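Peer 1: Here you go, run14.cif (mmCIF, N, CA and C atoms and all ligand atoms):
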data_model
#
loop_
_atom_site.label_atom_id
_atom_site.label_comp_id
_atom_site.auth_asym_id
_atom_site.auth_seq_id
_atom_site.Cartn_x
_atom_site.Cartn_y
_atom_site.Cartn_z
N MET A 1 -17.24 7.64 -16.47
CA MET A 1 -16.31 8.41 -15.63
C MET A 1 -14.99 8.59 -16.37
N ILE A 2 -14.59 9.84 -16.52
CA ILE A 2 -13.31 10.14 -17.17
C ILE A 2 -12.26 10.30 -16.07
N ARG A 3 -11.14 9.61 -16.25
CA ARG A 3 -10.03 9.78 -15.31
C ARG A 3 -8.87 10.43 -16.07
N THR A 4 -8.14 11.30 -15.39
CA THR A 4 -7.01 11.98 -16.03
C THR A 4 -5.74 11.68 -15.25
N THR A 5 -4.74 11.19 -15.97
CA THR A 5 -3.43 11.00 -15.36
C THR A 5 -2.52 12.11 -15.85
N MET A 6 -1.58 12.52 -15.02
CA MET A 6 -0.64 13.55 -15.45
C MET A 6 0.71 13.37 -14.79
N CYS A 7 1.70 13.92 -15.48
CA CYS A 7 3.09 13.81 -15.00
C CYS A 7 3.34 14.83 -13.90
N LEU A 8 4.54 14.82 -13.38
CA LEU A 8 4.89 15.73 -12.28
C LEU A 8 4.72 17.19 -12.68
N CYS A 9 5.13 17.58 -13.89
CA CYS A 9 5.03 18.99 -14.30
C CYS A 9 3.66 19.32 -14.90
N ARG A 10 2.80 18.33 -15.07
CA ARG A 10 1.41 18.49 -15.57
C ARG A 10 1.32 18.81 -17.05
N GLU A 11 2.45 18.79 -17.79
CA GLU A 11 2.37 19.08 -19.23
C GLU A 11 1.76 17.90 -19.99
N CYS A 12 2.05 16.68 -19.55
CA CYS A 12 1.50 15.50 -20.21
C CYS A 12 0.26 15.05 -19.46
N ARG A 13 -0.82 14.89 -20.21
CA ARG A 13 -2.08 14.44 -19.62
C ARG A 13 -2.68 13.37 -20.53
N ILE A 14 -3.23 12.35 -19.93
CA ILE A 14 -3.91 11.30 -20.69
C ILE A 14 -5.26 11.07 -20.02
N GLU A 15 -6.30 11.06 -20.85
CA GLU A 15 -7.64 10.78 -20.33
C GLU A 15 -8.04 9.35 -20.67
N VAL A 16 -8.60 8.67 -19.71
CA VAL A 16 -9.15 7.34 -19.93
C VAL A 16 -10.58 7.33 -19.40
N GLU A 17 -11.35 6.38 -19.92
CA GLU A 17 -12.76 6.30 -19.52
C GLU A 17 -13.01 5.00 -18.77
N GLY A 18 -13.71 5.10 -17.65
CA GLY A 18 -14.15 3.89 -16.95
C GLY A 18 -13.12 3.33 -15.99
N ASP A 19 -13.32 2.06 -15.68
CA ASP A 19 -12.48 1.38 -14.71
C ASP A 19 -11.42 0.53 -15.40
N PRO A 20 -10.27 0.34 -14.74
CA PRO A 20 -9.24 -0.50 -15.34
C PRO A 20 -9.60 -1.98 -15.26
N ALA A 21 -9.03 -2.76 -16.18
CA ALA A 21 -9.24 -4.21 -16.18
C ALA A 21 -8.42 -4.89 -15.09
N ALA A 22 -7.34 -4.26 -14.69
CA ALA A 22 -6.46 -4.86 -13.68
C ALA A 22 -5.77 -3.77 -12.90
N SER A 23 -5.49 -4.11 -11.64
CA SER A 23 -4.76 -3.21 -10.74
C SER A 23 -3.77 -4.09 -9.99
N ALA A 24 -2.48 -3.84 -10.14
CA ALA A 24 -1.49 -4.77 -9.60
C ALA A 24 -0.25 -4.02 -9.11
N LEU A 25 0.46 -4.69 -8.23
CA LEU A 25 1.72 -4.18 -7.69
C LEU A 25 2.87 -5.03 -8.20
N CYS A 26 4.05 -4.46 -8.29
CA CYS A 26 5.22 -5.24 -8.67
C CYS A 26 6.45 -4.69 -7.98
N SER A 27 7.28 -5.60 -7.49
CA SER A 27 8.49 -5.21 -6.76
C SER A 27 9.76 -5.64 -7.49
N CYS A 28 9.69 -5.79 -8.81
CA CYS A 28 10.88 -6.25 -9.54
C CYS A 28 11.91 -5.12 -9.67
N ASP A 29 13.10 -5.51 -10.07
CA ASP A 29 14.19 -4.56 -10.22
C ASP A 29 13.84 -3.45 -11.22
N ASN A 30 13.22 -3.84 -12.35
CA ASN A 30 12.89 -2.83 -13.36
C ASN A 30 11.87 -1.82 -12.85
N CYS A 31 10.88 -2.31 -12.12
CA CYS A 31 9.87 -1.38 -11.59
C CYS A 31 10.49 -0.43 -10.57
N LYS A 32 11.41 -0.95 -9.75
CA LYS A 32 12.07 -0.06 -8.78
C LYS A 32 12.81 1.05 -9.51
N ARG A 33 13.50 0.68 -10.60
CA ARG A 33 14.30 1.70 -11.30
C ARG A 33 13.40 2.67 -12.08
N ARG A 34 12.30 2.15 -12.64
CA ARG A 34 11.40 3.04 -13.38
C ARG A 34 10.77 4.07 -12.47
N THR A 35 10.39 3.65 -11.26
CA THR A 35 9.59 4.52 -10.40
C THR A 35 10.40 5.21 -9.32
N GLY A 36 11.51 4.62 -8.94
CA GLY A 36 12.21 5.12 -7.76
C GLY A 36 11.55 4.71 -6.47
N ALA A 37 10.49 3.91 -6.58
CA ALA A 37 9.74 3.46 -5.40
C ALA A 37 10.07 2.00 -5.11
N ALA A 38 9.75 1.54 -3.90
CA ALA A 38 10.02 0.16 -3.52
C ALA A 38 9.15 -0.81 -4.30
N THR A 39 7.95 -0.39 -4.64
CA THR A 39 6.97 -1.22 -5.31
C THR A 39 6.20 -0.33 -6.29
N SER A 40 5.95 -0.84 -7.50
CA SER A 40 5.16 -0.05 -8.45
C SER A 40 3.69 -0.45 -8.35
N TRP A 41 2.82 0.48 -8.67
CA TRP A 41 1.37 0.22 -8.75
C TRP A 41 0.96 0.53 -10.17
N SER A 42 0.38 -0.45 -10.84
CA SER A 42 -0.01 -0.31 -12.24
C SER A 42 -1.48 -0.62 -12.42
N VAL A 43 -2.11 0.10 -13.34
CA VAL A 43 -3.48 -0.22 -13.75
C VAL A 43 -3.49 -0.36 -15.27
N TYR A 44 -4.33 -1.27 -15.75
CA TYR A 44 -4.40 -1.56 -17.19
C TYR A 44 -5.78 -1.23 -17.72
N PHE A 45 -5.80 -0.37 -18.75
CA PHE A 45 -7.05 -0.02 -19.43
C PHE A 45 -7.02 -0.57 -20.85
N ARG A 46 -8.18 -0.98 -21.37
CA ARG A 46 -8.28 -1.36 -22.77
C ARG A 46 -7.90 -0.17 -23.63
N ASP A 47 -7.26 -0.44 -24.76
CA ASP A 47 -6.80 0.66 -25.62
C ASP A 47 -7.95 1.60 -25.99
N GLU A 48 -9.15 1.03 -26.19
CA GLU A 48 -10.30 1.89 -26.58
C GLU A 48 -10.71 2.82 -25.44
N GLN A 49 -10.31 2.51 -24.21
CA GLN A 49 -10.66 3.40 -23.09
C GLN A 49 -9.76 4.63 -23.01
N VAL A 50 -8.67 4.61 -23.77
CA VAL A 50 -7.74 5.75 -23.76
C VAL A 50 -8.26 6.79 -24.74
N LEU A 51 -8.69 7.94 -24.22
CA LEU A 51 -9.40 8.91 -25.05
C LEU A 51 -8.49 9.97 -25.64
N LYS A 52 -7.54 10.45 -24.89
CA LYS A 52 -6.78 11.62 -25.33
C LYS A 52 -5.39 11.59 -24.70
N ARG A 53 -4.38 11.92 -25.50
CA ARG A 53 -3.01 12.04 -24.98
C ARG A 53 -2.51 13.41 -25.39
N GLU A 54 -1.96 14.16 -24.47
CA GLU A 54 -1.40 15.47 -24.85
C GLU A 54 -0.13 15.75 -24.06
N GLY A 55 0.70 16.62 -24.63
CA GLY A 55 1.96 16.98 -23.98
C GLY A 55 3.12 16.25 -24.62
N PRO A 56 4.34 16.56 -24.17
CA PRO A 56 5.55 16.02 -24.80
C PRO A 56 5.88 14.59 -24.39
N LEU A 57 4.94 13.66 -24.65
CA LEU A 57 5.17 12.26 -24.34
C LEU A 57 6.24 11.70 -25.28
N THR A 58 7.21 11.03 -24.72
CA THR A 58 8.35 10.50 -25.47
C THR A 58 8.46 9.01 -25.20
N ALA A 59 8.71 8.23 -26.25
CA ALA A 59 8.78 6.77 -26.08
C ALA A 59 10.18 6.34 -25.67
N PHE A 60 10.22 5.37 -24.78
CA PHE A 60 11.47 4.70 -24.39
C PHE A 60 11.30 3.23 -24.73
N ALA A 61 12.11 2.73 -25.67
CA ALA A 61 12.04 1.32 -26.05
C ALA A 61 12.75 0.50 -24.99
N ARG A 62 12.08 -0.53 -24.50
CA ARG A 62 12.61 -1.28 -23.37
C ARG A 62 13.76 -2.19 -23.79
N ASP A 63 14.48 -2.67 -22.80
CA ASP A 63 15.70 -3.43 -23.10
C ASP A 63 15.37 -4.81 -23.63
N PRO A 64 16.35 -5.48 -24.28
CA PRO A 64 16.08 -6.74 -24.97
C PRO A 64 15.66 -7.89 -24.04
N GLY A 65 15.90 -7.76 -22.75
CA GLY A 65 15.50 -8.81 -21.83
C GLY A 65 14.02 -8.81 -21.53
N LEU A 66 13.30 -7.81 -22.00
CA LEU A 66 11.87 -7.71 -21.73
C LEU A 66 11.10 -7.91 -23.03
N PRO A 67 9.81 -8.20 -22.94
CA PRO A 67 9.02 -8.31 -24.17
C PRO A 67 9.09 -7.00 -24.93
N PRO A 68 9.00 -7.04 -26.28
CA PRO A 68 9.05 -5.80 -27.06
C PRO A 68 7.97 -4.84 -26.60
N GLY A 69 8.32 -3.59 -26.52
CA GLY A 69 7.35 -2.62 -26.08
C GLY A 69 8.02 -1.31 -25.77
N ALA A 70 7.23 -0.37 -25.34
CA ALA A 70 7.77 0.95 -25.03
C ALA A 70 7.02 1.54 -23.86
N SER A 71 7.74 2.40 -23.14
CA SER A 71 7.13 3.23 -22.11
C SER A 71 7.10 4.65 -22.63
N TRP A 72 6.13 5.42 -22.19
CA TRP A 72 6.06 6.83 -22.56
C TRP A 72 6.23 7.68 -21.32
N PHE A 73 7.19 8.61 -21.44
CA PHE A 73 7.50 9.50 -20.31
C PHE A 73 7.42 10.95 -20.78
N CYS A 74 7.33 11.86 -19.84
CA CYS A 74 7.28 13.28 -20.16
C CYS A 74 8.69 13.77 -20.45
N ALA A 75 8.87 14.40 -21.62
CA ALA A 75 10.19 14.88 -22.00
C ALA A 75 10.66 16.02 -21.11
N THR A 76 9.75 16.68 -20.43
CA THR A 76 10.13 17.82 -19.58
C THR A 76 10.52 17.35 -18.18
N CYS A 77 9.69 16.53 -17.55
CA CYS A 77 9.95 16.20 -16.14
C CYS A 77 10.36 14.74 -15.93
N GLY A 78 10.17 13.90 -16.93
CA GLY A 78 10.67 12.53 -16.83
C GLY A 78 9.71 11.50 -16.24
N SER A 79 8.55 11.91 -15.77
CA SER A 79 7.61 10.91 -15.22
C SER A 79 7.18 9.93 -16.32
N THR A 80 7.20 8.63 -16.01
CA THR A 80 6.61 7.64 -16.90
C THR A 80 5.11 7.60 -16.64
N LEU A 81 4.33 7.70 -17.73
CA LEU A 81 2.88 7.67 -17.55
C LEU A 81 2.27 6.35 -17.99
N CYS A 82 2.77 5.74 -19.07
CA CYS A 82 2.11 4.53 -19.56
C CYS A 82 3.06 3.71 -20.41
N TRP A 83 2.63 2.48 -20.76
CA TRP A 83 3.46 1.59 -21.56
C TRP A 83 2.60 0.56 -22.25
N LYS A 84 3.18 -0.01 -23.27
CA LYS A 84 2.56 -1.13 -23.97
C LYS A 84 3.64 -2.13 -24.27
N GLY A 85 3.33 -3.41 -24.10
CA GLY A 85 4.29 -4.45 -24.42
C GLY A 85 3.63 -5.58 -25.18
N GLU A 86 4.31 -6.07 -26.19
CA GLU A 86 3.80 -7.25 -26.88
C GLU A 86 4.06 -8.46 -26.00
N GLY A 87 3.16 -9.40 -26.00
CA GLY A 87 3.35 -10.60 -25.21
C GLY A 87 3.05 -10.42 -23.74
N GLY A 88 2.48 -9.30 -23.37
CA GLY A 88 2.11 -9.09 -21.97
C GLY A 88 0.87 -9.89 -21.62
N PRO A 89 0.46 -9.82 -20.36
CA PRO A 89 -0.67 -10.63 -19.90
C PRO A 89 -2.01 -10.13 -20.42
N LEU A 90 -2.06 -8.90 -20.87
CA LEU A 90 -3.33 -8.31 -21.27
C LEU A 90 -3.19 -7.67 -22.65
N PRO A 91 -3.25 -8.47 -23.71
CA PRO A 91 -3.16 -7.90 -25.06
C PRO A 91 -4.26 -6.88 -25.29
N GLY A 92 -3.95 -5.82 -26.03
CA GLY A 92 -4.96 -4.81 -26.32
C GLY A 92 -5.18 -3.84 -25.17
N HIS A 93 -4.32 -3.90 -24.18
CA HIS A 93 -4.42 -2.99 -23.05
C HIS A 93 -3.17 -2.10 -22.96
N THR A 94 -3.35 -0.97 -22.33
CA THR A 94 -2.22 -0.08 -22.03
C THR A 94 -2.04 -0.03 -20.52
N GLY A 95 -0.81 -0.20 -20.09
CA GLY A 95 -0.49 -0.11 -18.66
C GLY A 95 -0.23 1.33 -18.27
N PHE A 96 -0.66 1.70 -17.09
CA PHE A 96 -0.46 3.06 -16.59
C PHE A 96 0.18 3.03 -15.21
N ALA A 97 1.06 4.00 -14.96
CA ALA A 97 1.60 4.21 -13.63
C ALA A 97 0.48 4.78 -12.78
N ALA A 98 -0.09 3.95 -11.91
CA ALA A 98 -1.36 4.30 -11.26
C ALA A 98 -1.24 5.53 -10.37
N GLY A 99 -0.09 5.72 -9.75
CA GLY A 99 0.05 6.86 -8.85
C GLY A 99 -0.14 8.20 -9.55
N CYS A 100 0.15 8.26 -10.84
CA CYS A 100 0.02 9.53 -11.58
C CYS A 100 -1.44 9.94 -11.76
N PHE A 101 -2.38 9.04 -11.51
CA PHE A 101 -3.79 9.43 -11.50
C PHE A 101 -4.13 10.15 -10.19
N ASN A 102 -3.40 9.83 -9.15
CA ASN A 102 -3.70 10.36 -7.81
C ASN A 102 -5.21 10.27 -7.53
N ASP A 103 -5.75 9.07 -7.75
CA ASP A 103 -7.20 8.88 -7.73
C ASP A 103 -7.56 7.76 -6.74
N PRO A 104 -8.11 8.13 -5.57
CA PRO A 104 -8.43 7.11 -4.57
C PRO A 104 -9.56 6.18 -4.98
N THR A 105 -10.27 6.47 -6.09
CA THR A 105 -11.34 5.58 -6.53
C THR A 105 -10.83 4.48 -7.45
N LEU A 106 -9.56 4.50 -7.82
CA LEU A 106 -9.02 3.36 -8.59
C LEU A 106 -9.10 2.10 -7.73
N PRO A 107 -9.34 0.93 -8.35
CA PRO A 107 -9.48 -0.29 -7.55
C PRO A 107 -8.20 -0.65 -6.78
N VAL A 108 -8.43 -1.22 -5.61
CA VAL A 108 -7.31 -1.71 -4.79
C VAL A 108 -6.58 -2.79 -5.60
N PRO A 109 -5.25 -2.82 -5.56
CA PRO A 109 -4.53 -3.88 -6.28
C PRO A 109 -4.95 -5.27 -5.82
N THR A 110 -5.14 -6.17 -6.78
CA THR A 110 -5.56 -7.53 -6.45
C THR A 110 -4.42 -8.53 -6.55
N ALA A 111 -3.27 -8.10 -7.06
CA ALA A 111 -2.13 -9.01 -7.18
C ALA A 111 -0.85 -8.24 -6.94
N ALA A 112 0.10 -8.88 -6.28
CA ALA A 112 1.43 -8.31 -6.08
C ALA A 112 2.44 -9.29 -6.67
N MET A 113 3.17 -8.81 -7.69
CA MET A 113 4.12 -9.65 -8.41
C MET A 113 5.53 -9.47 -7.84
N ASN A 114 6.34 -10.50 -8.03
CA ASN A 114 7.77 -10.43 -7.67
C ASN A 114 8.00 -10.05 -6.21
N CYS A 115 7.17 -10.63 -5.34
CA CYS A 115 7.31 -10.31 -3.91
C CYS A 115 8.65 -10.79 -3.33
N ALA A 116 9.28 -11.76 -4.00
CA ALA A 116 10.58 -12.23 -3.53
C ALA A 116 11.62 -11.11 -3.61
N GLN A 117 11.36 -10.11 -4.45
CA GLN A 117 12.29 -8.99 -4.58
C GLN A 117 11.82 -7.77 -3.78
N ALA A 118 10.73 -7.92 -3.05
CA ALA A 118 10.19 -6.78 -2.30
C ALA A 118 11.11 -6.44 -1.12
N MET A 119 11.07 -5.19 -0.70
CA MET A 119 11.82 -4.79 0.48
C MET A 119 11.28 -5.56 1.69
N PRO A 120 12.17 -5.87 2.65
CA PRO A 120 11.73 -6.70 3.78
C PRO A 120 10.62 -6.06 4.60
N TRP A 121 10.44 -4.76 4.48
CA TRP A 121 9.40 -4.07 5.25
C TRP A 121 8.13 -3.83 4.45
N ALA A 122 8.09 -4.34 3.21
CA ALA A 122 6.93 -4.06 2.36
C ALA A 122 5.65 -4.66 2.95
N VAL A 123 4.56 -3.93 2.82
CA VAL A 123 3.25 -4.38 3.28
C VAL A 123 2.29 -4.29 2.10
N PHE A 124 1.46 -5.32 1.91
CA PHE A 124 0.55 -5.35 0.77
C PHE A 124 -0.90 -5.36 1.27
N PRO A 125 -1.84 -4.93 0.42
CA PRO A 125 -3.25 -4.90 0.86
C PRO A 125 -3.73 -6.29 1.28
N PRO A 126 -4.65 -6.36 2.23
CA PRO A 126 -5.04 -7.64 2.84
C PRO A 126 -5.55 -8.70 1.86
N ASP A 127 -6.32 -8.32 0.86
CA ASP A 127 -6.88 -9.32 -0.05
C ASP A 127 -6.08 -9.47 -1.34
N CYS A 128 -4.88 -8.96 -1.34
CA CYS A 128 -4.04 -8.98 -2.53
C CYS A 128 -3.35 -10.35 -2.64
N ALA A 129 -3.44 -10.99 -3.81
CA ALA A 129 -2.74 -12.26 -4.03
C ALA A 129 -1.25 -11.99 -4.20
N LEU A 130 -0.43 -12.70 -3.45
CA LEU A 130 1.01 -12.47 -3.49
C LEU A 130 1.69 -13.54 -4.34
N PHE A 131 2.51 -13.12 -5.28
CA PHE A 131 3.27 -14.02 -6.13
C PHE A 131 4.76 -13.78 -5.90
N ALA A 132 5.50 -14.83 -5.58
CA ALA A 132 6.93 -14.67 -5.33
C ALA A 132 7.65 -14.15 -6.57
N GLN A 133 7.28 -14.72 -7.73
CA GLN A 133 7.77 -14.21 -9.00
C GLN A 133 6.53 -13.79 -9.81
N LEU A 134 6.70 -13.71 -11.13
CA LEU A 134 5.53 -13.54 -11.97
C LEU A 134 4.84 -14.88 -12.07
N PRO A 135 3.51 -14.92 -12.13
CA PRO A 135 2.83 -16.20 -12.34
C PRO A 135 3.35 -16.86 -13.62
N ALA A 136 3.36 -18.17 -13.65
CA ALA A 136 3.93 -18.91 -14.77
C ALA A 136 3.34 -18.45 -16.09
N GLY A 137 4.22 -18.25 -17.07
CA GLY A 137 3.76 -17.89 -18.41
C GLY A 137 3.48 -16.42 -18.60
N VAL A 138 3.66 -15.61 -17.57
CA VAL A 138 3.39 -14.18 -17.71
C VAL A 138 4.71 -13.44 -17.85
N PRO A 139 4.98 -12.86 -19.02
CA PRO A 139 6.20 -12.06 -19.16
C PRO A 139 6.06 -10.78 -18.34
N ASP A 140 7.16 -10.23 -17.92
CA ASP A 140 7.15 -9.03 -17.08
C ASP A 140 6.37 -7.92 -17.78
N PRO A 141 5.18 -7.60 -17.28
CA PRO A 141 4.38 -6.58 -17.94
C PRO A 141 4.57 -5.19 -17.34
N LEU A 142 5.22 -5.12 -16.23
CA LEU A 142 5.05 -3.93 -15.39
C LEU A 142 6.28 -3.05 -15.33
N SER A 143 7.12 -3.15 -16.34
CA SER A 143 8.36 -2.38 -16.27
C SER A 143 8.31 -1.20 -17.22
ZN ZN A 201 6.05 16.47 -17.16
ZN ZN A 202 7.99 -5.05 -12.12
#
Translate this file's structure into structure tokens.

Peer 2:
Amino acid sequence: MIRTTMCLCRECRIEVEGDPAASALCSCDNCKRRTGAATSWSVYFRDEQVLKREGPLTAFARDPGLPPGASWFCATCGSTLCWKGEGGPLPGHTGFAAGCFNDPTLPVPTAAMNCAQAMPWAVFPPDCALFAQLPAGVPDPLS
């Protein structure tokens, strides 16, 4: 199964194959600022599952407080589509802003990170494991 993610203006498109290794939510400060949403939804695919990238994807190197890495956003409309970070929980994987797939067949998130920073009205899926912060030893992967 080929899945296609795209930015708001549709100029940037990335194709991935198969199912993601992880589907997670995060309510940290960085995710709020990256997305403009109360909680981010991320899916992680193995690098080999990423088949094609097209459009004016531009790298943004993350700040020194985070593990080394970069996010890629559309130079035209600004949507962040994906990121990679060294020292993240899933080496050899690329993180994707899951909402940009607009795909109801993506797996339900199984973990919600940084719930202590979530909005007081936030609601999470019933079987989702809730973590007040990031689980011990996991650098912030989702920004
Ligand atoms: Zn765009
Ligand atoms: Zn986050």

Peer 1: Once you count all atoms listed in the file, what closest atom pair and distance in Å to one decimal does each residue of chain A within 7 Å of ligand ZN 201 (chain A) have, with rows by chain and rising residue number, as CSV?

Peer 2:
residue,atom,partner,partner_atom,distance
A:Met6,C,A:ZN201,ZN,6.6
A:Cys7,CA,A:ZN201,ZN,4.5
A:Leu8,N,A:ZN201,ZN,4.4
A:Cys9,N,A:ZN201,ZN,3.6
A:Arg10,N,A:ZN201,ZN,4.3
A:Glu11,N,A:ZN201,ZN,4.3
A:Cys12,N,A:ZN201,ZN,4.7
A:Phe73,C,A:ZN201,ZN,6.7
A:Cys74,CA,A:ZN201,ZN,4.5
A:Ala75,N,A:ZN201,ZN,5.7
A:Thr76,C,A:ZN201,ZN,4.7
A:Cys77,N,A:ZN201,ZN,3.7
A:Gly78,N,A:ZN201,ZN,4.9
A:Ser79,N,A:ZN201,ZN,5.4

Peer 1: So that I can see what lies close to stretch 36-49 of chain A, please list as a PDB file with N, CA and C atoms, keeping the file's coordinate frame the residues with an atom at most 7 Å from it, counting all atoms listed in the file and leaving out residues fewer than 3 positions away in the same chain.

Peer 2:
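Output file out.pdb follows:
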ATOM      1  N   GLU A  15      -6.300  11.060 -20.850  1.00  0.00           N
ATOM      2  CA  GLU A  15      -7.640  10.780 -20.330  1.00  0.00           C
ATOM      3  C   GLU A  15      -8.040   9.350 -20.670  1.00  0.00           C
ATOM      4  N   VAL A  16      -8.600   8.670 -19.710  1.00  0.00           N
ATOM      5  CA  VAL A  16      -9.150   7.340 -19.930  1.00  0.00           C
ATOM      6  C   VAL A  16     -10.580   7.330 -19.400  1.00  0.00           C
ATOM      7  N   GLU A  17     -11.350   6.380 -19.920  1.00  0.00           N
ATOM      8  CA  GLU A  17     -12.760   6.300 -19.520  1.00  0.00           C
ATOM      9  C   GLU A  17     -13.010   5.000 -18.770  1.00  0.00           C
ATOM     10  N   GLY A  18     -13.710   5.100 -17.650  1.00  0.00           N
ATOM     11  CA  GLY A  18     -14.150   3.890 -16.950  1.00  0.00           C
ATOM     12  C   GLY A  18     -13.120   3.330 -15.990  1.00  0.00           C
ATOM     13  N   ASP A  19     -13.320   2.060 -15.680  1.00  0.00           N
ATOM     14  CA  ASP A  19     -12.480   1.380 -14.710  1.00  0.00           C
ATOM     15  C   ASP A  19     -11.420   0.530 -15.400  1.00  0.00           C
ATOM     16  N   PRO A  20     -10.270   0.340 -14.740  1.00  0.00           N
ATOM     17  CA  PRO A  20      -9.240  -0.500 -15.340  1.00  0.00           C
ATOM     18  C   PRO A  20      -9.600  -1.980 -15.260  1.00  0.00           C
ATOM     19  N   ALA A  21      -9.030  -2.760 -16.180  1.00  0.00           N
ATOM     20  CA  ALA A  21      -9.240  -4.210 -16.180  1.00  0.00           C
ATOM     21  C   ALA A  21      -8.420  -4.890 -15.090  1.00  0.00           C
ATOM     22  N   ALA A  22      -7.340  -4.260 -14.690  1.00  0.00           N
ATOM     23  CA  ALA A  22      -6.460  -4.860 -13.680  1.00  0.00           C
ATOM     24  C   ALA A  22      -5.770  -3.770 -12.900  1.00  0.00           C
ATOM     25  N   SER A  23      -5.490  -4.110 -11.640  1.00  0.00           N
ATOM     26  CA  SER A  23      -4.760  -3.210 -10.740  1.00  0.00           C
ATOM     27  C   SER A  23      -3.770  -4.090  -9.990  1.00  0.00           C
ATOM     28  N   ALA A  24      -2.480  -3.840 -10.140  1.00  0.00           N
ATOM     29  CA  ALA A  24      -1.490  -4.770  -9.600  1.00  0.00           C
ATOM     30  C   ALA A  24      -0.250  -4.020  -9.110  1.00  0.00           C
ATOM     31  N   LEU A  25       0.460  -4.690  -8.230  1.00  0.00           N
ATOM     32  CA  LEU A  25       1.720  -4.180  -7.690  1.00  0.00           C
ATOM     33  C   LEU A  25       2.870  -5.030  -8.200  1.00  0.00           C
ATOM     34  N   CYS A  26       4.050  -4.460  -8.290  1.00  0.00           N
ATOM     35  CA  CYS A  26       5.220  -5.240  -8.670  1.00  0.00           C
ATOM     36  C   CYS A  26       6.450  -4.690  -7.980  1.00  0.00           C
ATOM     37  N   SER A  27       7.280  -5.600  -7.490  1.00  0.00           N
ATOM     38  CA  SER A  27       8.490  -5.210  -6.760  1.00  0.00           C
ATOM     39  C   SER A  27       9.760  -5.640  -7.490  1.00  0.00           C
ATOM     40  N   CYS A  28       9.690  -5.790  -8.810  1.00  0.00           N
ATOM     41  CA  CYS A  28      10.880  -6.250  -9.540  1.00  0.00           C
ATOM     42  C   CYS A  28      11.910  -5.120  -9.670  1.00  0.00           C
ATOM     43  N   CYS A  31      10.880  -2.310 -12.120  1.00  0.00           N
ATOM     44  CA  CYS A  31       9.870  -1.380 -11.590  1.00  0.00           C
ATOM     45  C   CYS A  31      10.490  -0.430 -10.570  1.00  0.00           C
ATOM     46  N   LYS A  32      11.410  -0.950  -9.750  1.00  0.00           N
ATOM     47  CA  LYS A  32      12.070  -0.060  -8.780  1.00  0.00           C
ATOM     48  C   LYS A  32      12.810   1.050  -9.510  1.00  0.00           C
ATOM     49  N   ARG A  33      13.500   0.680 -10.600  1.00  0.00           N
ATOM     50  CA  ARG A  33      14.300   1.700 -11.300  1.00  0.00           C
ATOM     51  C   ARG A  33      13.400   2.670 -12.080  1.00  0.00           C
ATOM     52  N   LYS A  52      -7.540  10.450 -24.890  1.00  0.00           N
ATOM     53  CA  LYS A  52      -6.780  11.620 -25.330  1.00  0.00           C
ATOM     54  C   LYS A  52      -5.390  11.590 -24.700  1.00  0.00           C
ATOM     55  N   GLY A  92      -3.950  -5.820 -26.030  1.00  0.00           N
ATOM     56  CA  GLY A  92      -4.960  -4.810 -26.320  1.00  0.00           C
ATOM     57  C   GLY A  92      -5.180  -3.840 -25.170  1.00  0.00           C
ATOM     58  N   HIS A  93      -4.320  -3.900 -24.180  1.00  0.00           N
ATOM     59  CA  HIS A  93      -4.420  -2.990 -23.050  1.00  0.00           C
ATOM     60  C   HIS A  93      -3.170  -2.100 -22.960  1.00  0.00           C
ATOM     61  N   THR A  94      -3.350  -0.970 -22.330  1.00  0.00           N
ATOM     62  CA  THR A  94      -2.220  -0.080 -22.030  1.00  0.00           C
ATOM     63  C   THR A  94      -2.040  -0.030 -20.520  1.00  0.00           C
ATOM     64  N   GLY A  95      -0.810  -0.200 -20.090  1.00  0.00           N
ATOM     65  CA  GLY A  95      -0.490  -0.110 -18.660  1.00  0.00           C
ATOM     66  C   GLY A  95      -0.230   1.330 -18.270  1.00  0.00           C
ATOM     67  N   PHE A  96      -0.660   1.700 -17.090  1.00  0.00           N
ATOM     68  CA  PHE A  96      -0.460   3.060 -16.590  1.00  0.00           C
ATOM     69  C   PHE A  96       0.180   3.030 -15.210  1.00  0.00           C
ATOM     70  N   ALA A  97       1.060   4.000 -14.960  1.00  0.00           N
ATOM     71  CA  ALA A  97       1.600   4.210 -13.630  1.00  0.00           C
ATOM     72  C   ALA A  97       0.480   4.780 -12.780  1.00  0.00           C
ATOM     73  N   ALA A  98      -0.090   3.950 -11.910  1.00  0.00           N
ATOM     74  CA  ALA A  98      -1.360   4.300 -11.260  1.00  0.00           C
ATOM     75  C   ALA A  98      -1.240   5.530 -10.370  1.00  0.00           C
ATOM     76  N   GLY A  99      -0.090   5.720  -9.750  1.00  0.00           N
ATOM     77  CA  GLY A  99       0.050   6.860  -8.850  1.00  0.00           C
ATOM     78  C   GLY A  99      -0.140   8.200  -9.550  1.00  0.00           C
ATOM     79  N   ALA A 118      10.730  -7.920  -3.050  1.00  0.00           N
ATOM     80  CA  ALA A 118      10.190  -6.780  -2.300  1.00  0.00           C
ATOM     81  C   ALA A 118      11.110  -6.440  -1.120  1.00  0.00           C
ATOM     82  N   MET A 119      11.070  -5.190  -0.700  1.00  0.00           N
ATOM     83  CA  MET A 119      11.820  -4.790   0.480  1.00  0.00           C
ATOM     84  C   MET A 119      11.280  -5.560   1.690  1.00  0.00           C
ATOM     85  N   LEU A 142       5.220  -5.120 -16.230  1.00  0.00           N
ATOM     86  CA  LEU A 142       5.050  -3.930 -15.390  1.00  0.00           C
ATOM     87  C   LEU A 142       6.280  -3.050 -15.330  1.00  0.00           C
TER      88      LEU A 142
END

Peer 1: Just how far from atom CA of A:Pro107 is atom CA of A:Leu134, in Å to one decimal?

Peer 2: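 Computing the Euclidean distance for atom CA of A:Leu134 and atom CA of A:Pro107 yields 20.5 Å.
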
Peer 1: Which is closest to A:Ile2 among A:Ala61, A:Leu106, A:Leu90, A:Ala111, if we use only C-alpha atoms?

Peer 2: A:Leu106

Peer 1: As AutoDock Vina command-line options, please: the centre and edge lengths in Å, to one decimal, of an axis-aligned box enclosing every listed atom of stretch 43-61 of chain A with 6 Å added on each side.

Peer 2:
--center_x 1.0 --center_y 7.7 --center_z -20.0 --size_x 35.5 --size_y 30.5 --size_z 25.2
